[in-house]
Amino acid sequence: MSQAVKVGIFGTIALVIAALFIWRIEDINPFARGVRRVDAAFGSVAGLDDKAAVRVAGVRIGRVDGIGLDGGRARVTLLLEKPVDLRVGARARIANLGLLGDKYVELDPGPPGAPPLPEGAVLPGETPVSFDQAMAKLDDIATSIQEVTGSLTGAGGAETPISRLVDTLQSTAEEVRLLVAMNREQISGTVRNFEQVSATLARELPVFAERLETLIAQVSEVVGENRQALAGSLANIEEVTAGLKTSVANINQISDKLASGEGTLGKLINSDEAHDELMSTLKSVEGGVGTLTDTLGRVQKLKLDLAFEGYYLSDRSDSHSAFSLDLDPGTGGNRLYRFGVVKAPAGDERTKTQRITVTHPDGSTEISTVETFTSEDSPVLSALFGLKVEHDARLWAGLIEENFGVQVEYPAFDRRLWVDFQAFDFDRENDRDPHLRLATRWFVRPNLYLMGGYDDPLESDLKSIFFGGGLRWNDDNLKYLLGSVPRGF
């Protein structure tokens with residue numbers, strides 16, 4: 001099979017793969033029937049991306065097909081690819097797939113029996129509580145707990161409500177003692193009055209006892225007539241008393257445990273060490289929440305760009321392909337990192353030196369040196385450190401195809417055209433000039449580009465014009481592709 005046929009087959013396969021990726025990334029479905037568009041209005045759509053899933057009861061029925069502003073509210077266009085019976089009263093809600101999952105739109109079709117939703121109606125939207133709002137609530141709770149514990153203990157000997165209560169009780173007891181001392185004579189008179197009352201009772205007690213006996217006889221007669229009703233009442237009183245005894249016993253048991261320092265609350269009341277451990281735990285929770293917030297913020301700022309490209313060297317009848325990964329820490333600086341694997345013609349060049357010893361018939365020897373230059377079409381690695389400069393240009397330095405080199409990338413036409421110049425391998429074998437490469441990339445779609453350029457112009461036997469194409473995905477595209485993979489995979 002000729003080289004041209006191989007290149008043609010490779011190019012066809014690459015175009016088919018590129019078409020499939022474009023089909024999938026752009027979410028093109030030419031076979032969809034009965035597609036319906038519905039608009040929903042939200043107070044905020046933070047975190048919701050274009051082409052996010054639209055679900056009913058967790059089942060995907062469509063996708064988001066545009067997000068814009070309508071006054072001070074966000075207006076989201078929903079493309080429904082499956083038939084859904086929307087009724088008056090239908091609502092839209094933004095939800096998450098798990099704690100850190102992608103956001104999607106959940107539809108509530110409305111109450112059964114309601115009139116069908118008219119065309120052009122805008123669904124009211126609900127936005128869930130954001131992660132920042134939840135963190136603020138948790139911070140308020142921690143602050144309230146600190147205030148409560150501070151009021152119980154009184155940091156640094158400060159006066160607390162409990163200490164003020166104890167001082168009040170002591171003051172009241174002192175006032176009662178002084179009151180008794182000041183009214184000692186009146187108390188003595190009261191005791192004499194009690195003695196007189198006792199004497200009176202001694203005189204009147206026989207009469208009172210006789211009358212009491214008469215009363216008891218009458219009560220006995222009444223009790224005899226209402227014995228059954230009285231027995232039922234006494235049984236009810238016994239049940240209530242038994243319940244009160246159980247409650248009192250439980251209260252006594254709880255108070256004993258609190259007084260002896262048993263249980264969490266008892267230790268907290270009686271032990272300064274338990275209080276200190278509680279305060280330390282609350283501070284640890286507060287620090288952990290802050291660390292988690294910072295970590296999630298840094299992960300969300302990290303940006304990835306993944307690219308695969310290939311081109312054909314027409315003068316050399318050979319091909320070149322590369323896979324690269326760009327990392328942007330997103331920390332507010334201008335640093336960039338790039339890692340790649342390249343399959344280039346003559347990618348691994350080596351010089352092998354052999355020493356050959358020849359012995360002549362007369363016994364003399366002659367040593368000759370033979371140098372053999374070899375090149376292998378094998379994968380090589382690239383690793384570059386980059387900086388962003390003015391006009392979004394990028395300067396790179398590091399390893400290009402396992403040789404030191406520099407690279408400059410410059411955008412034009414609103415970043416649709418990129419001009420790329422590379423210079424590397426400054427110490428080539430056989431005193432060759434440095435390897436230079438000029439390439440241009442034209443983005444026909446955000447994720448698809450065509451490329452062409454001139455490779456190794458300083459070497460007459462290696463220079464060649466090339467042309468090809470490539471695919472590029474950013475972190476949003478990768479997140480969408482991973483979210484679209486069926487759960488059974």
# chains A, B, ... in the order shown; residues from 1 in each chain; ligands from 1
>>> residues_around(residues="Gly66 in chain A", least_positions_apart="3", cutoff="12 Å", atoms="only C-alpha atoms", output="mmCIF file with N, CA and C atoms, in the first residue's frame")
data_model
loop_
_atom_site.group_PDB
_atom_site.id
_atom_site.type_symbol
_atom_site.label_atom_id
_atom_site.label_comp_id
_atom_site.auth_asym_id
_atom_site.auth_seq_id
_atom_site.Cartn_x
_atom_site.Cartn_y
_atom_site.Cartn_z
ATOM 1 N N ARG A 37 -39.488 24.496 22.443
ATOM 2 C CA ARG A 37 -38.693 25.466 23.205
ATOM 3 C C ARG A 37 -39.581 26.163 24.237
ATOM 4 N N VAL A 38 -39.068 26.235 25.454
ATOM 5 C CA VAL A 38 -39.779 26.884 26.554
ATOM 6 C C VAL A 38 -38.781 27.774 27.278
ATOM 7 N N ASP A 39 -39.188 28.988 27.658
ATOM 8 C CA ASP A 39 -38.332 29.916 28.398
ATOM 9 C C ASP A 39 -38.665 29.873 29.884
ATOM 10 N N ALA A 40 -37.635 30.064 30.713
ATOM 11 C CA ALA A 40 -37.807 30.128 32.175
ATOM 12 C C ALA A 40 -37.009 31.313 32.698
ATOM 13 N N VAL A 45 -28.581 32.336 37.862
ATOM 14 C CA VAL A 45 -28.239 31.044 37.248
ATOM 15 C C VAL A 45 -26.751 30.783 37.413
ATOM 16 N N LEU A 48 -24.768 27.524 36.131
ATOM 17 C CA LEU A 48 -25.497 26.793 35.090
ATOM 18 C C LEU A 48 -24.880 27.118 33.732
ATOM 19 N N ASP A 49 -24.474 26.101 32.994
ATOM 20 C CA ASP A 49 -23.818 26.286 31.706
ATOM 21 C C ASP A 49 -24.792 26.067 30.561
ATOM 22 N N ASP A 50 -24.467 26.699 29.441
ATOM 23 C CA ASP A 50 -25.217 26.430 28.218
ATOM 24 C C ASP A 50 -25.054 24.944 27.858
ATOM 25 N N LYS A 51 -26.094 24.347 27.327
ATOM 26 C CA LYS A 51 -26.155 22.928 26.975
ATOM 27 C C LYS A 51 -26.252 22.016 28.195
ATOM 28 N N ALA A 52 -26.508 22.565 29.390
ATOM 29 C CA ALA A 52 -26.737 21.724 30.561
ATOM 30 C C ALA A 52 -28.023 20.924 30.362
ATOM 31 N N ARG A 63 -32.085 19.960 26.799
ATOM 32 C CA ARG A 63 -30.895 20.683 27.216
ATOM 33 C C ARG A 63 -31.170 22.192 27.202
ATOM 34 N N LEU A 69 -30.068 37.824 29.532
ATOM 35 C CA LEU A 69 -30.631 38.722 30.536
ATOM 36 C C LEU A 69 -31.949 39.288 30.031
ATOM 37 N N ALA A 74 -32.367 36.455 34.867
ATOM 38 C CA ALA A 74 -31.778 35.601 33.841
ATOM 39 C C ALA A 74 -32.893 34.855 33.109
ATOM 40 N N ARG A 75 -32.822 34.836 31.791
ATOM 41 C CA ARG A 75 -33.812 34.141 30.965
ATOM 42 C C ARG A 75 -33.117 32.970 30.282
ATOM 43 N N VAL A 76 -33.608 31.767 30.537
ATOM 44 C CA VAL A 76 -32.998 30.532 30.054
ATOM 45 C C VAL A 76 -33.953 29.873 29.064
ATOM 46 N N THR A 77 -33.433 29.544 27.868
ATOM 47 C CA THR A 77 -34.226 28.845 26.849
ATOM 48 C C THR A 77 -33.977 27.346 26.980
ATOM 49 N N LEU A 78 -35.053 26.572 27.150
ATOM 50 C CA LEU A 78 -34.989 25.124 27.319
ATOM 51 C C LEU A 78 -35.439 24.455 26.027
ATOM 52 N N LEU A 79 -34.592 23.563 25.488
ATOM 53 C CA LEU A 79 -34.914 22.814 24.275
ATOM 54 C C LEU A 79 -35.351 21.420 24.705
#
>>> residues_around(residues="range 436-441 of chain A", least_positions_apart="6", cutoff="6 Å", atoms="only C-alpha atoms", output="short mmCIF file (atom, residue, chain, number, x, y, z; two decimals) with C-alpha atoms, in the first residue's frame")
data_model
loop_
_atom_site.label_atom_id
_atom_site.label_comp_id
_atom_site.auth_asym_id
_atom_site.auth_seq_id
_atom_site.Cartn_x
_atom_site.Cartn_y
_atom_site.Cartn_z
CA LEU A 417 -6.28 32.84 14.02
CA TRP A 418 -3.15 31.83 15.95
CA VAL A 419 0.39 32.24 14.60
CA ASP A 420 2.92 29.85 16.19
CA PHE A 421 6.73 30.00 15.83
CA GLN A 422 9.04 27.34 17.33
CA ALA A 423 12.85 27.15 17.52
CA LEU A 450 -7.28 23.85 10.36
CA MET A 451 -3.53 24.36 10.26
CA GLY A 452 -0.70 24.87 7.81
CA GLY A 453 2.87 26.08 7.78
CA TYR A 454 6.54 25.50 6.95
CA ASP A 455 8.82 23.08 8.81
CA ASP A 456 12.67 23.10 9.11
#
>>> residues_around(residues="Leu313 in chain A", least_positions_apart="6", cutoff="8 Å", atoms="only C-alpha atoms", output="count of residues only")
6
>>> closest_residue(among="A:Pro411, A:His435, A:Val35, A:Glu286", to="Glu390 in chain A", atoms="only C-alpha atoms")
A:Pro411
>>> residues_around(residues="Thr369 in chain A", least_positions_apart="6", cutoff="10 Å", atoms="only C-alpha atoms", output="list in words")
Thr353, Gln354, Arg355, Ile356 and Thr357 of chain A
>>> residues_around(residues="Phe42 in chain A", least_positions_apart="4", cutoff="9 Å", atoms="only C-alpha atoms", output="list in words")
Arg73, Ala74, Arg75, Val76, Ala92, Arg93, Ile94, Pro124, Gly125, Glu126 and Thr127 of chain A
